[in-house]
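Next comes model.txt, a file with compact mmCIF, C-alpha atoms.
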# COMPACT_ATOMS: atom_id res chain seq x y z
CA MET A 19 -88.84 -5.12 125.45
CA THR A 20 -87.85 -8.27 123.54
CA THR A 21 -90.01 -9.27 120.60
CA LEU A 22 -91.02 -12.93 120.45
CA VAL A 23 -90.89 -14.66 117.06
CA PHE A 24 -92.69 -17.96 116.63
CA GLY A 25 -94.38 -20.26 114.15
CA HIS A 26 -97.13 -22.82 114.57
CA LYS A 27 -97.69 -25.57 117.09
CA SER A 28 -96.05 -28.95 116.29
CA PRO A 29 -93.04 -27.13 114.82
CA ASP A 30 -91.48 -28.61 111.71
CA THR A 31 -88.25 -27.38 110.12
CA ASP A 32 -89.74 -24.20 108.66
CA SER A 33 -91.55 -23.30 111.89
CA THR A 34 -88.34 -23.91 113.85
CA GLY A 35 -85.84 -22.31 111.48
CA SER A 36 -87.83 -19.29 110.34
CA PRO A 37 -88.29 -17.83 113.86
CA ILE A 38 -84.51 -18.13 114.32
CA ILE A 39 -83.83 -16.42 110.99
CA TRP A 40 -86.27 -13.56 111.57
CA ALA A 41 -85.16 -12.97 115.16
CA TRP A 42 -81.59 -12.68 113.87
CA TYR A 43 -82.69 -10.14 111.27
CA LEU A 44 -84.71 -8.05 113.72
CA THR A 45 -81.92 -8.03 116.29
CA GLU A 46 -78.74 -7.80 114.23
CA ILE A 47 -79.91 -5.79 111.21
CA LEU A 48 -82.86 -3.70 112.40
CA GLY A 49 -81.66 -3.27 116.00
CA ILE A 50 -84.93 -4.58 117.49
CA PRO A 51 -84.21 -7.01 120.32
CA ALA A 52 -85.94 -10.28 119.44
CA LYS A 53 -85.78 -13.94 120.34
CA PRO A 54 -87.14 -17.06 118.64
CA VAL A 55 -89.45 -19.31 120.63
CA LEU A 56 -91.32 -22.51 119.83
CA LEU A 57 -94.86 -23.63 120.58
CA GLY A 58 -93.88 -27.25 121.03
CA GLU A 59 -91.05 -29.74 120.73
CA PRO A 60 -89.45 -29.63 117.26
CA ASN A 61 -89.86 -32.74 115.12
CA THR A 62 -86.92 -35.03 114.40
CA GLU A 63 -85.92 -33.25 111.20
CA ALA A 64 -86.04 -29.82 112.87
CA ALA A 65 -83.99 -31.16 115.78
CA PHE A 66 -81.41 -32.43 113.28
CA VAL A 67 -81.25 -28.99 111.63
CA LEU A 68 -80.56 -27.31 114.97
CA LYS A 69 -77.72 -29.70 115.71
CA HIS A 70 -76.32 -29.74 112.17
CA TRP A 71 -76.02 -25.96 111.98
CA ASP A 72 -75.01 -25.54 115.63
CA LEU A 73 -78.13 -23.56 116.55
CA VAL A 74 -79.50 -23.30 120.08
CA LYS A 75 -82.97 -24.81 120.45
CA PRO A 76 -85.35 -21.94 121.21
CA GLU A 77 -87.33 -21.87 124.43
CA ILE A 78 -90.72 -23.58 124.28
CA ILE A 79 -93.63 -21.45 125.46
CA ALA A 80 -97.25 -22.35 126.13
CA ASP A 81 -98.88 -18.93 125.78
CA VAL A 82 -98.35 -15.20 125.40
CA SER A 83 -99.70 -12.27 127.38
CA ALA A 84 -100.90 -8.73 126.76
CA SER A 85 -97.41 -7.47 127.57
CA ASP A 86 -95.75 -9.53 124.81
CA THR A 87 -94.82 -8.13 121.40
CA CYS A 88 -94.87 -10.84 118.74
CA TRP A 89 -94.02 -11.67 115.16
CA ILE A 90 -95.90 -14.68 113.73
CA VAL A 91 -94.21 -16.73 110.99
CA ASP A 92 -95.25 -19.75 108.91
CA THR A 93 -98.92 -19.53 109.90
CA ASN A 94 -101.77 -17.07 110.30
CA ASN A 95 -104.22 -19.55 111.80
CA PRO A 96 -105.28 -18.80 115.40
CA ALA A 97 -105.88 -22.54 115.99
CA GLU A 98 -102.14 -23.09 115.53
CA LEU A 99 -101.09 -20.24 117.81
CA PRO A 100 -101.01 -19.54 121.57
CA PRO A 101 -104.46 -19.35 123.21
CA SER A 102 -104.01 -15.69 124.12
CA ILE A 103 -102.63 -14.53 120.77
CA ASN A 104 -105.34 -11.87 120.38
CA GLU A 105 -104.35 -10.30 123.70
CA ALA A 106 -100.71 -9.90 122.66
CA ASN A 107 -99.25 -7.08 120.59
CA VAL A 108 -98.82 -8.77 117.22
CA VAL A 109 -96.70 -6.52 114.99
CA GLY A 110 -96.16 -8.70 111.94
CA ILE A 111 -96.96 -11.90 110.07
CA ILE A 112 -94.87 -13.67 107.42
CA ASP A 113 -96.53 -16.68 105.86
CA HIS A 114 -97.09 -18.81 102.76
CA HIS A 115 -100.43 -20.39 103.66
CA LEU A 116 -103.97 -19.36 102.80
CA LEU A 117 -105.38 -16.46 104.81
CA VAL A 118 -107.55 -17.93 107.58
CA GLY A 119 -108.60 -14.84 109.53
CA GLY A 120 -109.37 -14.50 113.22
CA ILE A 121 -106.23 -12.75 114.44
CA LYS A 122 -107.10 -9.40 116.02
CA THR A 123 -104.32 -6.83 116.37
CA LYS A 124 -103.98 -3.66 118.43
CA ALA A 125 -102.79 -1.55 115.50
CA PRO A 126 -102.03 -1.88 111.78
CA ILE A 127 -99.31 -4.48 111.25
CA ASP A 128 -96.78 -5.61 108.69
CA ILE A 129 -98.15 -8.64 106.78
CA THR A 130 -96.38 -10.55 104.01
CA ILE A 131 -98.11 -13.62 102.60
CA ARG A 132 -96.76 -14.91 99.31
CA PRO A 133 -97.52 -18.01 97.20
CA LEU A 134 -94.14 -19.63 97.72
CA ALA A 135 -93.30 -23.06 99.11
CA CYS A 136 -91.47 -21.87 102.20
CA THR A 137 -91.54 -19.03 104.71
CA ALA A 138 -87.73 -18.93 104.62
CA THR A 139 -87.86 -18.10 100.90
CA ILE A 140 -89.99 -15.06 101.70
CA MET A 141 -87.55 -14.06 104.43
CA HIS A 142 -84.65 -14.34 101.99
CA ASP A 143 -86.38 -11.74 99.82
CA LEU A 144 -87.34 -9.47 102.71
CA ILE A 145 -83.84 -9.52 104.21
CA GLY A 146 -82.25 -8.76 100.85
CA ASP A 147 -78.60 -7.69 100.71
CA ALA A 148 -78.35 -7.81 104.51
CA LEU A 149 -78.26 -11.61 104.23
CA SER A 150 -74.59 -11.27 103.30
CA ARG A 151 -74.01 -10.38 106.97
CA ALA A 152 -75.73 -13.50 108.22
CA PRO A 153 -73.65 -16.22 109.85
CA ARG A 154 -73.38 -19.63 108.23
CA SER A 155 -75.90 -21.07 110.68
CA ILE A 156 -78.64 -18.65 109.58
CA LYS A 157 -78.06 -19.33 105.88
CA GLY A 158 -77.94 -23.06 106.65
CA ALA A 159 -81.24 -22.90 108.49
CA MET A 160 -82.77 -21.03 105.54
CA LEU A 161 -81.54 -23.64 103.06
CA SER A 162 -82.77 -26.49 105.26
CA CYS A 163 -86.23 -24.94 105.54
CA ILE A 164 -86.56 -24.67 101.78
CA ILE A 165 -85.35 -28.22 101.12
CA SER A 166 -87.73 -29.52 103.77
CA ASP A 167 -90.83 -27.62 102.68
CA THR A 168 -90.28 -28.41 98.99
CA LEU A 169 -89.30 -32.05 99.69
CA GLN A 170 -86.15 -31.33 97.66
CA PHE A 171 -88.26 -29.64 94.96
CA ARG A 172 -90.65 -32.62 94.60
CA SER A 173 -93.61 -30.88 96.22
CA PRO A 174 -96.12 -29.23 93.85
CA THR A 175 -95.88 -26.12 96.03
CA THR A 176 -92.31 -25.59 94.78
CA THR A 177 -91.81 -22.51 92.63
CA PRO A 178 -88.80 -21.70 90.43
CA HIS A 179 -87.95 -18.97 92.92
CA ASP A 180 -87.81 -21.40 95.86
CA ARG A 181 -85.42 -23.56 93.88
CA ALA A 182 -83.28 -20.63 92.76
CA VAL A 183 -82.93 -19.33 96.32
CA ALA A 184 -81.99 -22.78 97.60
CA GLU A 185 -79.39 -23.27 94.89
CA LYS A 186 -77.95 -19.83 95.58
CA LEU A 187 -77.68 -20.58 99.32
CA ALA A 188 -76.17 -24.00 98.69
CA ALA A 189 -73.51 -22.51 96.42
CA ASP A 190 -72.72 -19.84 99.01
CA LEU A 191 -72.39 -22.48 101.75
CA GLY A 192 -70.57 -25.05 99.64
CA VAL A 193 -73.30 -27.59 100.40
CA SER A 194 -74.70 -30.37 98.21
CA ILE A 195 -78.50 -30.12 98.17
CA PRO A 196 -78.98 -33.88 97.51
CA ASP A 197 -76.64 -34.78 100.38
CA LEU A 198 -78.30 -32.40 102.84
CA ALA A 199 -81.75 -33.54 101.70
CA THR A 200 -80.80 -37.17 102.33
CA GLU A 201 -79.79 -36.31 105.89
CA LEU A 202 -82.91 -34.23 106.47
CA PHE A 203 -85.28 -36.90 105.21
CA ALA A 204 -83.50 -39.64 107.16
CA ALA A 205 -84.00 -37.60 110.33
CA LYS A 206 -87.64 -36.90 109.39
CA SER A 207 -88.24 -40.63 108.85
CA ASP A 208 -86.89 -41.70 112.25
CA VAL A 209 -90.12 -41.87 114.24
CA SER A 210 -89.45 -45.03 116.24
CA ALA A 211 -89.27 -43.19 119.56
CA PHE A 212 -92.69 -41.56 119.24
CA SER A 213 -96.00 -42.83 120.57
CA ASP A 214 -99.00 -43.16 118.29
CA ALA A 215 -100.55 -40.00 119.73
CA GLU A 216 -97.30 -38.09 119.21
CA LEU A 217 -97.13 -39.24 115.59
CA LEU A 218 -100.71 -38.17 114.95
CA ARG A 219 -99.93 -34.69 116.27
CA MET A 220 -96.36 -34.36 114.97
CA ASP A 221 -97.17 -32.49 111.76
CA SER A 222 -100.85 -31.66 111.98
CA LYS A 223 -103.17 -28.76 111.40
CA GLU A 224 -106.78 -28.13 112.36
CA TYR A 225 -109.45 -27.51 109.74
CA THR A 226 -113.24 -27.61 109.52
CA VAL A 227 -114.64 -29.36 106.45
CA ALA A 228 -118.36 -29.86 105.80
CA GLY A 229 -119.09 -29.13 109.44
CA LYS A 230 -116.53 -31.65 110.68
CA ASP A 231 -113.60 -30.48 112.84
CA LEU A 232 -110.55 -32.30 111.53
CA ARG A 233 -106.97 -32.75 112.66
CA VAL A 234 -105.19 -33.29 109.34
CA SER A 235 -101.86 -34.98 109.94
CA VAL A 236 -99.07 -35.61 107.44
CA LEU A 237 -95.99 -37.76 107.94
CA GLU A 238 -93.41 -37.25 105.21
CA THR A 239 -90.95 -40.12 105.05
CA THR A 240 -88.55 -42.10 102.89
CA ALA A 241 -89.53 -45.23 104.85
CA PRO A 242 -93.36 -45.36 104.80
CA ALA A 243 -93.41 -49.03 105.82
CA VAL A 244 -92.14 -48.06 109.26
CA VAL A 245 -95.28 -45.97 109.82
CA LEU A 246 -97.71 -48.23 107.95
CA ASP A 247 -96.59 -51.24 110.00
CA ARG A 248 -98.19 -49.37 112.93
CA LYS A 249 -101.44 -48.58 111.13
CA ALA A 250 -103.66 -50.68 113.42
CA SER A 251 -102.46 -48.98 116.59
CA LEU A 252 -102.42 -45.56 114.92
CA MET A 253 -106.04 -45.94 113.85
CA ALA A 254 -106.99 -47.16 117.31
CA SER A 255 -105.36 -44.06 118.81
CA MET A 256 -107.23 -41.64 116.55
CA THR A 257 -110.39 -41.70 118.64
CA GLY A 258 -108.61 -40.65 121.83
CA VAL A 259 -106.55 -37.96 120.10
CA ALA A 260 -109.66 -36.54 118.46
CA GLN A 261 -111.55 -36.46 121.76
CA GLU A 262 -108.65 -34.82 123.60
CA ASP A 263 -108.21 -32.21 120.88
CA GLY A 264 -111.91 -31.46 120.38
CA ALA A 265 -111.96 -32.84 116.85
CA ASP A 266 -114.42 -35.09 115.08
CA GLN A 267 -111.74 -37.05 113.24
CA VAL A 268 -108.00 -37.38 112.70
CA LEU A 269 -106.86 -37.86 109.11
CA LEU A 270 -103.38 -39.31 108.64
CA PHE A 271 -101.62 -39.09 105.28
CA VAL A 272 -98.29 -40.94 105.05
CA VAL A 273 -96.34 -39.25 102.26
CA ASP A 274 -93.73 -41.36 100.47
CA ILE A 275 -91.13 -38.79 99.42
CA ILE A 276 -89.42 -41.15 96.96
CA LYS A 277 -92.53 -42.59 95.24
CA GLU A 278 -94.29 -39.19 95.41
CA GLU A 279 -97.58 -40.53 96.73
CA ALA A 280 -99.61 -40.49 99.92
CA THR A 281 -101.31 -43.33 101.77
CA LEU A 282 -104.39 -42.32 103.75
CA LEU A 283 -105.37 -44.47 106.71
CA VAL A 284 -109.09 -45.32 106.61
CA PRO A 285 -110.34 -46.26 110.09
CA ASN A 286 -114.09 -45.78 109.55
CA ASP A 287 -116.92 -44.92 107.17
CA LEU A 288 -116.51 -41.16 107.66
CA VAL A 289 -112.93 -41.24 106.38
CA LYS A 290 -113.92 -43.65 103.60
CA GLN A 291 -116.66 -41.29 102.42
CA MET A 292 -114.34 -38.30 102.63
CA ALA A 293 -111.56 -40.08 100.72
CA GLU A 294 -113.90 -41.14 97.93
CA ALA A 295 -115.58 -37.74 97.65
CA SER A 296 -112.33 -35.79 97.85
CA PHE A 297 -109.93 -37.80 95.72
CA GLY A 298 -112.17 -39.78 93.38
CA VAL A 299 -110.91 -43.13 94.61
CA THR A 300 -112.63 -46.36 95.61
CA VAL A 301 -111.70 -47.50 99.10
CA THR A 302 -111.74 -51.26 99.65
CA GLY A 303 -109.62 -51.60 102.78
CA ASP A 304 -108.16 -49.65 105.69
CA THR A 305 -105.75 -47.68 103.49
CA VAL A 306 -105.91 -45.99 100.11
CA VAL A 307 -102.98 -44.82 97.98
CA LEU A 308 -103.21 -41.36 96.42
CA PRO A 309 -100.66 -41.11 93.57
CA GLY A 310 -98.96 -37.76 93.22
CA VAL A 311 -100.40 -36.35 96.45
CA MET A 312 -97.61 -34.79 98.52
CA SER A 313 -98.80 -31.39 99.72
CA ARG A 314 -101.36 -30.81 102.47
CA LYS A 315 -101.55 -27.13 101.57
CA LYS A 316 -102.03 -27.49 97.82
CA GLN A 317 -103.45 -30.99 97.24
CA ILE A 318 -105.11 -32.25 100.42
CA ILE A 319 -106.88 -29.35 102.14
CA PRO A 320 -108.37 -27.81 98.97
CA ALA A 321 -109.72 -31.24 97.96
CA LEU A 322 -111.33 -32.29 101.22
CA LYS A 323 -115.11 -32.61 101.13
CA LEU A 324 -117.96 -34.92 102.08

Show me this structure written as structure tokens.
Amino acid sequence: MTTLVFGHKSPDTDSTGSPIIWAWYLTEILGIPAKPVLLGEPNTEAAFVLKHWDLVKPEIIADVSASDTCWIVDTNNPAELPPSINEANVVGIIDHHLLVGGIKTKAPIDITIRPLACTATIMHDLIGDALSRAPRSIKGAMLSCIISDTLQFRSPTTTPHDRAVAEKLAADLGVSIPDLATELFAAKSDVSAFSDAELLRMDSKEYTVAGKDLRVSVLETTAPAVVLDRKASLMASMTGVAQEDGADQVLLFVVDIIKEEATLLVPNDLVKQMAEASFGVTVTGDTVVLPGVMSRKKQIIPALKL
């Protein structure tokens, strides 16, 4: 029996790299046959990481069954997991997000949720000295996950431990963190090939706020103008995406990694009211700039209200 290891839908770098890291650990160190899988196509940055570190892109799956044994990483939210997750044999969760609830398991499981910026940082600690046996590709994936999730230590979710682990890995690999970050963010910013609907779902999570079901999307980029030049068509596409996904509204935050600010698209009165109530701003047009806002987990989701 091979254990499946996967993260959330719309996989970013952490939800692509962490399943690979943990499957390696289970298989090579603990002797438990495991394989990483994805719940969707990896984003452009994650695809770059796979190629850069010569990693095989994991198989993409749509669901799991009662016969599957699973490890869940980088999420604990059933809305971000396969439809039949509660029928599968979930044996463990490793995450750095708030505890949502709703996952039902068949027996007591191994759960590690820590207030760190990246799942890969937690895995570094759990793997311990055995990481010395990891190939360069696994350490490279771990470093890339941390740089990505911390936005090269700019994100307010960054802890001193995340930074220390990244610097330790970079020294071990002989890699310049600024150089790798530049490549990662350039890949993340290349969204020209994606449709509006794909962009709205690329890095998104589902939440309910004040009785409204929201798809909260974040696009982190060093070239925000490329996205904002498409704001009219993106806002026009929000209605269809929301209807298809059973949501009341799509919120899109375009995060400028260099300026360390987010621009929220404001397509209607609901989003205007939410922006003003949540962030204490006055909205006068179809966008509003939120200085210092970079983290959905720490700054956006906790603030959202009507």

task = May I have the residues at most 6 Å from (-85.9, -33.0, 108.0) in the file's coordinates, counting only C-alpha atoms, as a list in words?
result = Glu63, Ala64, Ser166, Leu202, Phe203, Ala205 and Lys206 of chain A

ask   = So which residues touch region 297-314 of chain A within 7 Å, counting all atoms listed in the file, skipping near sequence neighbours fewer than 3 positions away, as a ChimeraX atom specification?
value = /A:173-174,273,278-285,290,293-294,317-319,321

Near-region 199-201 of chain A list (8 Å; all atoms listed in the file; drop same-chain fewer than 6 positions) as a PDB file with C-alpha atoms, in the frame of the given file:
ATOM      1  CA  SER A 162     -82.770 -26.490 105.260  1.00  0.00           C
ATOM      2  CA  ILE A 165     -85.350 -28.220 101.120  1.00  0.00           C
ATOM      3  CA  SER A 166     -87.730 -29.520 103.770  1.00  0.00           C
ATOM      4  CA  LEU A 169     -89.300 -32.050  99.690  1.00  0.00           C
ATOM      5  CA  GLN A 170     -86.150 -31.330  97.660  1.00  0.00           C
TER       6      GLN A 170
END

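Among A:Leu246, A:Leu187, A:Leu57, A:Leu322, the residue with the shortest atom-to-atom distance to His26 (chain A), counting all atoms listed in the file, is A:Leu57.
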
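CA of Ile79 (chain A) is positioned 27.1 Å from CA of Arg132 (chain A).
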
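For the choices A:Asp214, A:Glu185, A:Asp81, A:Asp167, the atom-to-atom distance to Ile275 (chain A) is smallest for A:Asp167 when using all atoms listed in the file.
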
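Here CA of Ser296 (chain A) stands at a distance of 27.7 Å from CA of Leu99 (chain A).
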
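The interatomic distance for the pair CA of Leu237 (chain A) and CA of Thr62 (chain A) works out to 11.5 Å.
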
request  = Anything within 12 Å of (-92.3, -17.9, 108.1): list those residues as a PyMOL selection string, counting all atoms listed in the file and sticking to the file's coordinates.
outcome  = chain A and resi 23-26+29-41+54+89-94+110-115+129-132+134-144+160+163-164+167

request  = For Thr257 (chain A), please output as a VMD selection string all residues within 9 Å (counting only C-alpha atoms; exclusion window: fewer than 5 positions along the same chain).
outcome  = chain A and resid 262 266 to 268

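Distances to Ala148 (chain A) were evaluated for A:Ala260, A:Ala84, A:Leu288, A:Leu44 using all atoms listed in the file, and the minimum falls at A:Leu44.
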
request  = With a distance cut-off of 9 Å and only C-alpha atoms, select the neighbouring residues of Asp221 (chain A), excluding the residue or stretch itself and same-chain residues fewer than 5 positions from it, and output the selection as number ranges by chain.
outcome  = A: 27-30, 61, 234-238

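Of the listed residues (A:Leu22, A:Leu218, A:Val67, A:Leu73), A:Leu22 comes nearest to Thr45 (chain A); the distances count all atoms listed in the file.
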
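Closest to Ser83 (chain A) among A:Leu252, A:Leu68, A:Ala243, A:Ile103 is A:Ile103, based on only C-alpha atoms.
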